[in-house]
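Shown here: upload.csv, CSV, C-alpha atoms.
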```csv
chain,number,residue,atom,x,y,z
A,557,MET,CA,35.0,-28.8,-4.5
A,558,ALA,CA,33.2,-30.5,-7.5
A,559,ILE,CA,36.4,-31.5,-9.4
A,560,ARG,CA,35.1,-35.0,-9.9
A,561,GLU,CA,32.0,-33.7,-11.8
A,562,GLY,CA,34.1,-31.1,-13.6
A,563,LEU,CA,36.4,-33.8,-15.0
A,564,LEU,CA,33.4,-35.8,-16.0
A,565,ALA,CA,32.1,-32.8,-17.9
A,566,ALA,CA,35.5,-32.4,-19.6
A,567,LEU,CA,35.2,-36.1,-20.7
A,568,SER,CA,31.6,-35.8,-21.9
A,569,HIS,CA,32.6,-34.9,-25.5
A,570,GLY,CA,34.7,-38.0,-26.1
A,571,ALA,CA,37.8,-40.0,-25.2
A,572,ARG,CA,40.7,-38.1,-23.6
A,573,ASN,CA,43.9,-38.9,-21.9
A,574,GLY,CA,44.6,-37.4,-18.4
A,575,TYR,CA,46.6,-34.5,-19.7
A,576,GLN,CA,43.8,-33.5,-22.2
A,577,ILE,CA,41.2,-33.8,-19.5
A,578,LYS,CA,43.2,-31.5,-17.3
A,579,SER,CA,43.6,-29.0,-20.1
A,580,ASP,CA,39.9,-29.1,-21.1
A,581,PHE,CA,38.9,-28.6,-17.5
A,582,GLU,CA,41.1,-25.5,-17.2
A,583,THR,CA,39.8,-24.1,-20.5
A,584,ILE,CA,36.1,-24.6,-19.5
A,585,THR,CA,36.7,-22.8,-16.2
A,586,GLY,CA,38.3,-19.7,-17.8
A,587,GLY,CA,41.9,-20.5,-16.8
A,588,VAL,CA,41.2,-19.6,-13.1
A,589,TRP,CA,40.9,-23.1,-11.8
A,590,LYS,CA,44.3,-24.8,-12.2
A,591,LEU,CA,44.6,-28.5,-11.4
A,592,ASN,CA,47.8,-30.5,-10.7
A,593,VAL,CA,48.4,-33.7,-12.6
A,594,GLY,CA,48.4,-35.9,-9.5
A,595,GLN,CA,45.0,-34.6,-8.5
A,596,VAL,CA,43.6,-35.3,-11.9
A,597,TYR,CA,44.9,-39.0,-12.0
A,598,THR,CA,43.8,-39.6,-8.4
A,599,THR,CA,40.3,-38.4,-9.3
A,600,LEU,CA,40.2,-40.4,-12.5
A,601,GLU,CA,41.2,-43.6,-10.6
A,602,ARG,CA,38.3,-43.0,-8.2
A,603,LEU,CA,35.9,-42.3,-11.1
A,604,GLU,CA,37.1,-45.6,-12.7
A,605,ARG,CA,36.7,-47.5,-9.4
A,606,ASP,CA,33.1,-46.1,-9.1
A,607,GLY,CA,32.3,-47.2,-12.7
A,608,LEU,CA,31.8,-43.7,-14.0
A,609,VAL,CA,34.7,-43.8,-16.4
A,610,GLU,CA,36.7,-46.6,-18.0
A,611,VAL,CA,40.0,-47.0,-19.8
A,612,ASP,CA,39.6,-47.5,-23.5
A,613,SER,CA,41.8,-50.6,-24.1
A,614,GLU,CA,41.7,-50.3,-27.9
A,615,VAL,CA,43.6,-47.0,-27.8
A,616,GLU,CA,47.3,-46.8,-27.2
A,617,GLY,CA,48.2,-45.0,-24.0
A,618,LYS,CA,45.8,-44.5,-21.1
A,619,THR,CA,42.7,-43.0,-22.6
A,620,TYR,CA,39.5,-42.5,-20.6
A,621,VAL,CA,35.9,-42.7,-21.8
A,622,MET,CA,32.8,-42.0,-19.8
A,623,THR,CA,30.4,-44.9,-19.0
A,624,SER,CA,26.6,-44.7,-19.2
A,625,ASP,CA,26.7,-44.4,-15.4
A,626,GLY,CA,29.1,-41.5,-15.8
A,627,HIS,CA,26.7,-39.7,-18.1
A,628,ALA,CA,23.8,-40.4,-15.7
A,629,GLU,CA,25.9,-39.1,-12.7
A,630,LEU,CA,26.8,-35.9,-14.6
A,631,ALA,CA,23.1,-35.3,-15.5
A,632,ARG,CA,22.1,-35.8,-11.9
A,633,TRP,CA,24.8,-33.3,-10.8
A,634,TRP,CA,23.5,-30.6,-13.2
A,635,GLU,CA,20.0,-31.1,-12.0
A,636,ALA,CA,20.8,-31.1,-8.3
A,637,THR,CA,20.6,-27.8,-6.4
A,638,ASP,CA,22.7,-27.1,-3.3
A,639,ILE,CA,21.2,-24.2,-1.4
A,640,ASP,CA,22.1,-23.5,2.2
A,641,SER,CA,19.3,-24.0,4.6
A,642,PRO,CA,18.8,-21.0,6.8
A,643,PRO,CA,20.5,-19.9,8.9
A,644,PRO,CA,23.6,-19.6,6.7
A,645,ARG,CA,26.9,-20.2,8.5
A,646,ASP,CA,30.0,-18.7,7.2
A,647,GLU,CA,33.3,-17.5,8.7
A,648,LEU,CA,32.8,-13.8,8.0
A,649,MET,CA,29.4,-13.8,9.8
A,650,LEU,CA,30.9,-15.6,12.7
A,651,LYS,CA,33.8,-13.1,12.9
A,652,ILE,CA,31.5,-10.1,13.0
A,653,LEU,CA,29.1,-11.7,15.5
A,654,THR,CA,31.9,-12.7,17.9
A,655,ALA,CA,33.7,-9.3,17.4
A,656,LEU,CA,30.5,-7.6,18.8
A,657,ASP,CA,31.4,-9.2,22.1
A,658,GLY,CA,34.5,-7.0,22.1
A,659,GLY,CA,32.3,-3.9,21.8
A,660,ASN,CA,30.8,-1.9,19.0
A,661,GLU,CA,34.0,0.0,18.2
A,662,PHE,CA,36.0,-3.2,17.9
A,663,ALA,CA,33.3,-4.7,15.7
A,664,LEU,CA,33.4,-1.7,13.4
A,665,LYS,CA,37.2,-2.1,13.1
A,666,VAL,CA,36.7,-5.7,12.0
A,667,VAL,CA,34.0,-4.7,9.6
A,668,GLU,CA,36.3,-2.1,8.1
A,669,LYS,CA,39.2,-4.4,7.8
A,670,HIS,CA,37.2,-7.0,5.9
A,671,ARG,CA,35.6,-4.3,3.7
A,672,SER,CA,39.0,-3.0,2.7
A,673,VAL,CA,40.2,-6.4,1.7
A,674,LEU,CA,37.0,-7.2,-0.2
A,675,THR,CA,37.2,-3.9,-2.0
A,676,THR,CA,40.8,-4.5,-3.0
A,677,LEU,CA,39.7,-7.9,-4.3
A,678,LEU,CA,37.0,-6.3,-6.4
A,679,GLN,CA,39.6,-3.8,-7.8
A,680,GLU,CA,41.9,-6.7,-8.6
A,681,ARG,CA,39.2,-8.7,-10.4
A,682,ARG,CA,38.3,-5.6,-12.4
A,683,GLN,CA,41.9,-5.0,-13.3
A,684,HIS,CA,42.3,-8.6,-14.3
A,685,MET,CA,39.4,-8.3,-16.7
A,686,ARG,CA,40.6,-5.1,-18.2
A,687,SER,CA,44.0,-6.6,-19.0
A,688,ASN,CA,42.7,-9.9,-20.4
A,689,SER,CA,40.0,-8.8,-22.8
A,690,GLU,CA,41.5,-10.5,-25.9
A,691,THR,CA,41.8,-14.1,-24.6
A,692,SER,CA,40.1,-17.0,-26.3
A,693,ASP,CA,38.3,-18.2,-23.1
A,694,TRP,CA,37.0,-14.7,-22.5
A,695,LEU,CA,33.4,-15.7,-21.9
A,696,ALA,CA,34.3,-18.4,-19.3
A,697,MET,CA,36.7,-16.0,-17.6
A,698,GLN,CA,34.0,-13.2,-17.6
A,699,LEU,CA,31.5,-15.6,-16.0
A,700,VAL,CA,34.0,-16.7,-13.3
A,701,ASN,CA,34.9,-13.1,-12.7
A,702,ASP,CA,31.2,-12.1,-12.4
A,703,ALA,CA,30.6,-14.9,-9.9
A,704,LEU,CA,33.6,-13.8,-7.7
A,705,MET,CA,32.7,-10.1,-7.9
A,706,PHE,CA,29.0,-10.7,-7.1
A,707,ARG,CA,29.9,-12.8,-4.1
A,708,ALA,CA,32.3,-10.2,-2.8
A,709,GLU,CA,29.6,-7.5,-3.4
A,710,ALA,CA,27.1,-9.5,-1.4
A,711,ASP,CA,29.6,-9.7,1.5
A,712,LEU,CA,30.3,-6.0,1.2
A,713,ARG,CA,26.6,-5.1,1.2
A,714,TRP,CA,26.2,-7.2,4.4
A,715,LEU,CA,29.2,-5.4,6.0
A,716,ASP,CA,27.7,-2.0,5.1
A,717,GLN,CA,24.5,-3.2,6.7
A,718,CYS,CA,26.4,-4.3,9.9
A,719,GLU,CA,28.1,-0.9,10.0
A,720,SER,CA,24.7,1.0,9.6
A,721,ARG,CA,23.0,-1.0,12.3
A,722,ILE,CA,25.9,-0.7,14.8
A,723,LEU,CA,26.1,3.1,14.1
A,724,LYS,CA,22.4,3.5,14.5
A,725,LEU,CA,22.5,1.7,17.8
A,726,GLU,CA,25.4,3.9,18.9
A,727,SER,CA,23.5,7.1,18.0
A,728,THR,CA,20.5,6.1,20.2
A,729,LYS,CA,22.7,5.5,23.3
B,713,MET,CA,56.5,13.8,-10.5
B,714,ILE,CA,52.7,13.5,-10.6
B,715,ALA,CA,51.0,16.9,-9.9
B,716,PRO,CA,48.1,17.0,-7.4
B,717,ILE,CA,44.9,18.2,-9.0
B,718,LEU,CA,42.8,18.4,-5.9
B,719,GLN,CA,44.0,18.7,-2.3
B,720,TYR,CA,42.1,18.7,0.9
B,721,ILE,CA,44.3,19.8,3.8
B,722,ASP,CA,42.9,19.4,7.4
B,723,VAL,CA,39.4,20.3,6.2
B,724,VAL,CA,36.6,20.8,8.6
B,725,LYS,CA,33.0,21.5,7.5
B,726,SER,CA,30.3,22.3,10.1
B,727,TYR,CA,26.7,23.3,9.7
B,728,GLY,CA,24.7,25.4,12.2
B,729,GLU,CA,25.9,27.2,15.3
B,730,GLY,CA,26.4,26.4,19.0
B,731,GLU,CA,24.5,23.4,20.3
B,732,LEU,CA,22.8,22.9,16.9
B,733,GLN,CA,26.2,22.6,15.2
B,734,THR,CA,26.8,19.4,13.3
B,735,ARG,CA,30.1,18.3,11.8
B,736,ALA,CA,30.0,17.0,8.2
B,737,LEU,CA,33.8,16.6,7.8
B,738,THR,CA,36.5,16.4,10.4
B,739,ASP,CA,40.2,16.9,9.7
B,740,VAL,CA,40.0,15.5,6.2
B,741,SER,CA,43.3,15.4,4.3
B,742,LEU,CA,43.3,13.8,0.8
B,743,THR,CA,45.3,14.4,-2.4
B,744,ILE,CA,44.0,13.5,-5.8
B,745,ASN,CA,46.6,13.4,-8.6
B,746,ALA,CA,46.3,14.4,-12.2
B,747,GLY,CA,44.8,11.5,-14.2
B,748,GLU,CA,43.6,9.6,-11.2
B,749,PHE,CA,40.2,7.9,-10.7
B,750,ILE,CA,39.1,7.9,-7.1
B,751,ALA,CA,35.9,6.5,-5.6
B,752,ILE,CA,34.5,7.8,-2.3
B,753,MET,CA,32.3,5.5,-0.3
B,754,GLY,CA,30.6,5.5,3.0
B,755,PRO,CA,27.1,5.4,4.7
B,756,SER,CA,24.5,8.0,4.1
B,757,GLY,CA,25.4,11.3,5.7
B,758,CYS,CA,29.1,10.5,6.1
B,759,GLY,CA,30.2,13.6,4.2
B,760,LYS,CA,30.8,12.2,0.7
B,761,SER,CA,28.8,14.8,-1.2
B,762,THR,CA,30.1,17.6,1.0
B,763,LEU,CA,33.6,16.7,-0.1
B,764,LEU,CA,32.6,17.2,-3.8
B,765,HIS,CA,30.7,20.5,-3.0
B,766,LEU,CA,33.9,21.9,-1.4
B,767,ALA,CA,36.0,20.9,-4.4
B,768,GLY,CA,33.8,22.9,-6.8
B,769,GLY,CA,33.4,25.9,-4.5
B,770,LEU,CA,29.7,25.2,-4.1
B,771,GLU,CA,30.3,25.3,-0.3
B,772,ASP,CA,33.1,26.7,1.8
B,773,ALA,CA,35.2,24.8,4.3
B,774,THR,CA,34.8,25.9,7.9
B,775,ALA,CA,38.5,25.3,8.5
B,776,GLY,CA,41.4,23.9,6.5
B,777,ARG,CA,42.2,24.4,2.8
B,778,VAL,CA,40.9,23.0,-0.5
B,779,LEU,CA,43.3,23.5,-3.4
B,780,VAL,CA,42.4,22.9,-7.1
B,781,ASN,CA,45.4,22.9,-9.3
B,782,GLY,CA,47.3,24.6,-6.5
B,783,ALA,CA,44.8,27.4,-6.1
B,784,ASP,CA,43.1,27.8,-2.7
B,785,ILE,CA,39.3,27.9,-3.2
B,786,SER,CA,38.7,29.6,0.2
B,787,THR,CA,40.4,32.8,-1.0
B,788,MET,CA,38.4,33.0,-4.2
B,789,SER,CA,35.6,35.4,-4.9
B,790,GLY,CA,32.3,34.2,-6.2
B,791,ALA,CA,33.2,35.1,-9.7
B,792,GLU,CA,36.5,33.3,-9.5
B,793,LYS,CA,34.7,30.2,-8.2
B,794,ALA,CA,32.3,30.4,-11.1
B,795,LYS,CA,35.2,30.6,-13.5
B,796,LEU,CA,36.9,27.6,-11.8
B,797,ARG,CA,33.7,25.6,-12.3
B,798,ARG,CA,33.5,26.7,-15.9
B,799,GLN,CA,37.1,25.9,-16.8
B,800,GLU,CA,38.6,23.4,-14.3
B,801,VAL,CA,35.9,21.5,-12.5
B,802,GLY,CA,33.0,19.6,-14.0
B,803,TYR,CA,30.1,18.1,-12.2
B,804,ILE,CA,27.9,15.1,-13.0
B,805,PHE,CA,24.9,14.5,-10.8
B,806,GLN,CA,22.2,11.9,-10.7
B,807,LYS,CA,19.9,14.7,-11.8
B,808,LEU,CA,21.4,15.6,-15.1
B,809,ASN,CA,20.6,19.3,-15.3
B,810,LEU,CA,20.5,19.4,-19.0
B,811,ILE,CA,18.7,22.4,-20.4
B,812,PRO,CA,15.4,21.0,-21.9
B,813,SER,CA,15.0,23.8,-24.5
B,814,LEU,CA,18.5,23.2,-26.0
B,815,THR,CA,19.3,20.3,-28.3
B,816,ALA,CA,21.8,17.7,-27.2
B,817,ILE,CA,24.7,19.3,-29.1
B,818,GLU,CA,23.7,22.8,-27.9
B,819,ASN,CA,23.8,21.6,-24.3
B,820,VAL,CA,27.4,20.3,-24.8
B,821,MET,CA,28.4,23.5,-26.6
B,822,LEU,CA,27.2,25.7,-23.8
B,823,PRO,CA,30.4,25.8,-21.6
B,824,LEU,CA,32.5,26.7,-24.7
B,825,GLU,CA,30.1,29.4,-25.7
B,826,LEU,CA,30.2,30.9,-22.2
B,827,ASP,CA,34.0,31.0,-22.7
B,828,ARG,CA,33.5,32.8,-26.0
B,829,VAL,CA,34.7,30.0,-28.2
B,830,SER,CA,33.3,30.5,-31.7
B,831,LYS,CA,30.0,28.7,-32.5
B,832,SER,CA,31.6,26.6,-35.3
B,833,GLU,CA,34.5,25.5,-33.2
B,834,ALA,CA,32.2,24.8,-30.2
B,835,ARG,CA,30.0,22.7,-32.4
B,836,GLU,CA,32.9,20.7,-33.8
B,837,ARG,CA,34.5,20.1,-30.4
B,838,ALA,CA,31.1,19.1,-28.9
B,839,ARG,CA,30.5,16.7,-31.8
B,840,VAL,CA,33.9,15.0,-31.3
B,841,VAL,CA,33.4,14.5,-27.6
B,842,ILE,CA,29.9,13.2,-27.9
B,843,SER,CA,30.8,10.6,-30.6
B,844,ASP,CA,33.8,9.6,-28.5
B,845,LEU,CA,31.3,8.7,-25.7
B,846,GLY,CA,29.5,6.4,-28.1
B,847,LEU,CA,26.5,8.7,-29.0
B,848,THR,CA,25.9,8.7,-32.7
B,849,HIS,CA,22.2,9.5,-32.7
B,850,ASN,CA,20.8,12.7,-34.1
B,851,LEU,CA,22.3,15.3,-31.9
B,852,ASN,CA,19.8,18.0,-32.9
B,853,ARG,CA,17.2,16.3,-30.8
B,854,TYR,CA,16.2,17.6,-27.3
B,855,PRO,CA,17.3,15.8,-24.1
B,856,SER,CA,13.8,14.4,-23.4
B,857,GLU,CA,14.0,12.4,-26.7
B,858,PHE,CA,17.0,10.5,-25.4
B,859,SER,CA,17.1,7.5,-22.9
B,860,GLY,CA,18.4,8.0,-19.4
B,861,GLY,CA,21.8,6.5,-20.3
B,862,GLN,CA,22.1,8.6,-23.4
B,863,GLN,CA,21.2,11.8,-21.4
B,864,GLN,CA,24.0,10.9,-18.9
B,865,ARG,CA,26.4,10.6,-21.8
B,866,ILE,CA,25.4,14.1,-23.0
B,867,ALA,CA,25.9,15.4,-19.4
B,868,ILE,CA,29.4,13.8,-19.3
B,869,ALA,CA,30.2,15.3,-22.7
B,870,ARG,CA,29.2,18.7,-21.5
B,871,SER,CA,31.6,18.4,-18.5
B,872,LEU,CA,34.4,17.2,-20.7
B,873,VAL,CA,34.2,19.5,-23.7
B,874,ALA,CA,36.0,22.4,-22.1
B,875,ASN,CA,39.0,20.2,-21.3
B,876,ARG,CA,38.4,20.4,-17.6
B,877,SER,CA,41.0,18.7,-15.5
B,878,LEU,CA,38.7,17.5,-12.7
B,879,LEU,CA,35.3,15.8,-13.0
B,880,LEU,CA,33.2,15.3,-9.8
B,881,ALA,CA,30.5,12.6,-10.2
B,882,ASP,CA,27.9,12.4,-7.4
B,883,GLU,CA,26.0,9.0,-7.6
B,884,PRO,CA,25.8,9.6,-11.4
B,885,THR,CA,24.1,6.3,-12.1
B,886,GLY,CA,21.3,6.5,-9.5
B,887,ALA,CA,18.5,6.9,-12.0
B,888,LEU,CA,19.8,4.3,-14.5
B,889,ASP,CA,19.3,0.5,-14.9
B,890,THR,CA,22.2,-1.8,-14.3
B,891,VAL,CA,23.4,-2.2,-17.8
B,892,ASN,CA,23.4,1.6,-18.5
B,893,ALA,CA,24.9,2.3,-15.1
B,894,ASP,CA,27.8,-0.1,-15.8
B,895,GLU,CA,28.4,1.6,-19.2
B,896,ILE,CA,28.5,5.0,-17.6
B,897,ILE,CA,31.0,4.0,-15.0
B,898,GLU,CA,33.2,2.3,-17.7
B,899,ILE,CA,33.1,5.6,-19.6
B,900,LEU,CA,34.2,7.5,-16.4
B,901,ALA,CA,37.0,5.0,-15.8
B,902,GLN,CA,38.4,5.7,-19.3
B,903,LEU,CA,38.4,9.5,-18.9
B,904,PRO,CA,41.7,9.8,-17.0
B,905,LYS,CA,43.7,8.1,-19.8
B,906,LYS,CA,41.7,9.5,-22.7
B,907,TYR,CA,41.3,13.1,-21.6
B,908,ASN,CA,43.8,13.3,-18.7
B,909,THR,CA,40.9,14.2,-16.5
B,910,SER,CA,40.9,13.2,-12.9
B,911,VAL,CA,37.6,11.7,-11.7
B,912,VAL,CA,36.2,11.7,-8.2
B,913,LEU,CA,33.2,9.4,-8.0
B,914,VAL,CA,30.8,9.3,-5.0
B,915,THR,CA,29.0,6.0,-4.9
B,916,HIS,CA,27.6,3.4,-2.5
B,917,GLU,CA,28.0,0.6,-5.0
B,918,PRO,CA,31.2,-1.5,-4.5
B,919,ARG,CA,30.9,-2.7,-8.1
B,920,PHE,CA,31.3,0.8,-9.4
B,921,ALA,CA,34.0,1.7,-7.0
B,922,SER,CA,36.0,-1.3,-8.2
B,923,TRP,CA,36.9,0.6,-11.4
B,924,ALA,CA,38.8,3.2,-9.4
B,925,ASP,CA,42.5,3.5,-8.8
B,926,ARG,CA,41.8,4.2,-5.2
B,927,VAL,CA,38.7,3.8,-3.0
B,928,VAL,CA,38.4,6.1,0.0
B,929,PHE,CA,36.0,5.2,2.9
B,930,LEU,CA,34.4,7.9,5.0
B,931,ARG,CA,32.5,7.5,8.2
B,932,ASP,CA,31.1,10.3,10.3
B,933,GLY,CA,33.0,12.8,8.3
B,934,ARG,CA,36.4,11.2,8.7
B,935,ILE,CA,38.5,9.1,6.3
B,936,ILE,CA,38.7,5.7,7.9
B,937,SER,CA,40.5,3.8,5.2
B,938,GLU,CA,41.8,3.7,1.7
B,939,THR,CA,42.4,0.9,-0.8
B,940,GLN,CA,44.5,1.0,-3.9
B,941,SER,CA,44.3,-1.0,-7.1
B,942,SER,CA,47.2,-3.4,-7.5
B,943,ALA,CA,47.7,-2.0,-11.0
B,944,VAL,CA,48.4,1.4,-9.6
B,945,VAL,CA,50.7,0.0,-7.0
B,946,GLU,CA,52.6,-2.0,-9.6
B,947,GLY,CA,52.5,0.7,-12.2
```

Would you kindly transcribe this structure into structure tokens?
Amino acid sequence: MAIREGLLAALSHGARNGYQIKSDFETITGGVWKLNVGQVYTTLERLERDGLVEVDSEVEGKTYVMTSDGHAELARWWEATDIDSPPPRDELMLKILTALDGGNEFALKVVEKHRSVLTTLLQERRQHMRSNSETSDWLAMQLVNDALMFRAEADLRWLDQCESRILKLESTK
Amino acid sequence: MIAPILQYIDVVKSYGEGELQTRALTDVSLTINAGEFIAIMGPSGCGKSTLLHLAGGLEDATAGRVLVNGADISTMSGAEKAKLRRQEVGYIFQKLNLIPSLTAIENVMLPLELDRVSKSEARERARVVISDLGLTHNLNRYPSEFSGGQQQRIAIARSLVANRSLLLADEPTGALDTVNADEIIEILAQLPKKYNTSVVLVTHEPRFASWADRVVFLRDGRIISETQSSAVVEG
């Protein structure tokens, strides 16, 4: 998880103490990505060790500012693309492929189980959006929600495709 | 207690005879309550559309019973089924079936006029429903002068205007782009609360099904699973 870069982004607008950084990060990410204080300070210590942030000694309390190396690191992170090289490897795919070893009927059951869970997840995300339409971080929340829903949809489409292919094979037996 | 609006009880639907017989639905039992929004999903040919056709009396079940508001469709005459469709059950298809020679508002007024509601009352009720669905354009224009999304709104208004208790939507967004499709599904999702109309949506898009209170999955004519929105469970 890119919490390190997320905290740098939260710091990019000026000096902040640890609590403000945590709070900014959670606002930026639409309130769906909660951090614990310990995690924030541990990450900040590492960023300080790597020369990406420093403690502003002229301000009372422990206030962090980003160094020029920190700005450069953040710019690099935004530029970098992280796309899976084919073949993609994920647990859902592995589950369905290994389930086929137990026979087509068993594989269809596994497909159905995962499809139900993913559909429920989609319904929950939709419900969450419908009941939170007045919040101040609406755009961020919407974007996070869109990302989660599109990913679930992609998995669902793939599960539908698995089902179609298995059924087609069955019908030709 | 919530009243069931549509019930399928041990429903079987077959086509053809003898060796050529194919089963579209096998032992389907499903209850849809008043004010509920249900999505039906499943692969092509799994029986989704057949379920809708049975609910509107467009086809008859081979065995079992289909009840709309407690009335058994299988015992109804053709005229009674037509009355059921006019007063209780509305359809929305991908193909809109708007009458091209009637204006938008005349299309929406049609079900009321068939039920002998006065022209002035029909016009007013049609106007209210159409504007409720976000159409404020000149309603005296013909369907072809509206965009696909607007035409679908007119079709929904026509299904709603007679205060029908059940709306059956069969892939209603198939001909629309993504933005318009999303808007139409959002409109459908609001109907149960706004009009106390139950909605049954057949779709292959999980994104659309996610608006529903319940999602029912069919495979080979059988219900294989059902998921329920957490809001409904908690509510």

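In this model, the gap between CA of Tyr803 (chain B) and CA of Lys725 (chain B) comes to 20.2 Å.
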
* Shell of 10 Å around region 849-855 of chain B, only C-alpha atoms, local chain residues under 4 positions omitted, as a ChimeraX atom specification -> /B:808,810-819,839,842-843,859-860,862-864,866-867

Chain A residues within 9 Å of chain B, counting all atoms listed in the file: which ones, as a compact mmCIF listing (two decimals) with C-alpha atoms, keeping the file's coordinate frame?
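Result file is result_7.txt:
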```txt
# COMPACT_ATOMS: atom_id res chain seq x y z
CA GLU A 668 36.30 -2.10 8.10
CA LYS A 669 39.20 -4.40 7.80
CA SER A 672 39.00 -3.00 2.70
CA VAL A 673 40.20 -6.40 1.70
CA THR A 675 37.20 -3.90 -2.00
CA THR A 676 40.80 -4.50 -3.00
CA LEU A 677 39.70 -7.90 -4.30
CA LEU A 678 37.00 -6.30 -6.40
CA GLN A 679 39.60 -3.80 -7.80
CA GLU A 680 41.90 -6.70 -8.60
CA ARG A 681 39.20 -8.70 -10.40
CA ARG A 682 38.30 -5.60 -12.40
CA GLN A 683 41.90 -5.00 -13.30
CA MET A 705 32.70 -10.10 -7.90
CA PHE A 706 29.00 -10.70 -7.10
CA ALA A 708 32.30 -10.20 -2.80
CA GLU A 709 29.60 -7.50 -3.40
CA LEU A 712 30.30 -6.00 1.20
CA ARG A 713 26.60 -5.10 1.20
CA ASP A 716 27.70 -2.00 5.10
CA GLU A 719 28.10 -0.90 10.00
CA SER A 720 24.70 1.00 9.60
```

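In this comparison, which uses all atoms listed in the file, the residue of A:Ile584, A:Leu674, A:Val667, A:Ala703 approaching Met649 (chain A) most closely is A:Val667.
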
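One distance worth recording is that between CA of Val829 (chain B) and CA of Ser786 (chain B), which is 28.7 Å.
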
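Taking all atoms listed in the file, the non-local environment of Ala565 (chain A) within 10 Å (same-chain residues fewer than 5 positions away omitted) comprises Ile559, Arg560, Ile577, Asp580, Phe581, Ile584, Met622, Gly626, His627, Leu630 and Ala631 of chain A.
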
* Cut-off 6 Å around (35.9, 13.1, -10.4) with all atoms listed in the file: residues as a PyMOL selection string -> chain B and resi 878-881+910-913

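When only C-alpha atoms are used to compute distances to Leu822 (chain B), the closest of the residues B:Ala767, B:Glu857, B:Pro884, B:Ser871 turns out to be B:Ser871.
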
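Taking CA of Thr909 (chain B) and CA of Val724 (chain B) as the two end points, the separation is 26.3 Å.
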
* Which neighbours of Thr654 (chain A) fall inside 12 Å, counting only C-alpha atoms, when residues of the same chain fewer than 6 positions from it are skipped, and could you give them as a PyMOL selection string? -> chain A and resi 647-648+660+662-664+666-667

* Can you tell me, as a VMD selection string, which residues sit within 12 Å of (34.2, -37.1, -25.8) in the file's frame, using all atoms listed in the file? -> chain A and resid 563 to 573 576 to 577 580 609 612 619 to 623 627

* All residues 9 Å or closer to Ala746 (chain B), only C-alpha atoms, same chain fewer than 3 positions away omitted, as an MDAnalysis selection string -> chainID B and resid 714:718 877:878 904 908:910

Write out N, CA and C atoms for region 679-690 of chain A, as a JSON list (two decimals), in the coordinates of the input.
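Saved the output as selection27.json:
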```
[["chain", "number", "residue", "atom", "x", "y", "z"],
["A", 679, "GLN", "N", 38.73, -4.62, -6.90],
["A", 679, "GLN", "CA", 39.60, -3.80, -7.80],
["A", 679, "GLN", "C", 40.51, -4.73, -8.60],
["A", 680, "GLU", "N", 41.04, -5.76, -7.93],
["A", 680, "GLU", "CA", 41.90, -6.70, -8.60],
["A", 680, "GLU", "C", 41.22, -7.47, -9.71],
["A", 681, "ARG", "N", 39.99, -7.93, -9.40],
["A", 681, "ARG", "CA", 39.20, -8.70, -10.40],
["A", 681, "ARG", "C", 38.94, -7.78, -11.61],
["A", 682, "ARG", "N", 38.56, -6.53, -11.32],
["A", 682, "ARG", "CA", 38.30, -5.60, -12.40],
["A", 682, "ARG", "C", 39.52, -5.37, -13.27],
["A", 683, "GLN", "N", 40.65, -5.20, -12.61],
["A", 683, "GLN", "CA", 41.90, -5.00, -13.30],
["A", 683, "GLN", "C", 42.26, -6.19, -14.17],
["A", 684, "HIS", "N", 42.02, -7.37, -13.60],
["A", 684, "HIS", "CA", 42.30, -8.60, -14.30],
["A", 684, "HIS", "C", 41.49, -8.68, -15.60],
["A", 685, "MET", "N", 40.21, -8.31, -15.51],
["A", 685, "MET", "CA", 39.40, -8.30, -16.70],
["A", 685, "MET", "C", 39.78, -7.32, -17.73],
["A", 686, "ARG", "N", 40.18, -6.15, -17.25],
["A", 686, "ARG", "CA", 40.60, -5.10, -18.20],
["A", 686, "ARG", "C", 41.84, -5.45, -18.93],
["A", 687, "SER", "N", 42.72, -6.25, -18.31],
["A", 687, "SER", "CA", 44.00, -6.60, -19.00],
["A", 687, "SER", "C", 43.94, -7.91, -19.70],
["A", 688, "ASN", "N", 42.79, -8.59, -19.70],
["A", 688, "ASN", "CA", 42.70, -9.90, -20.40],
["A", 688, "ASN", "C", 41.53, -9.96, -21.34],
["A", 689, "SER", "N", 41.21, -8.86, -22.00],
["A", 689, "SER", "CA", 40.00, -8.80, -22.80],
["A", 689, "SER", "C", 40.11, -9.50, -24.16],
["A", 690, "GLU", "N", 41.31, -9.94, -24.53],
["A", 690, "GLU", "CA", 41.50, -10.50, -25.90],
["A", 690, "GLU", "C", 41.68, -12.03, -25.84]]
```
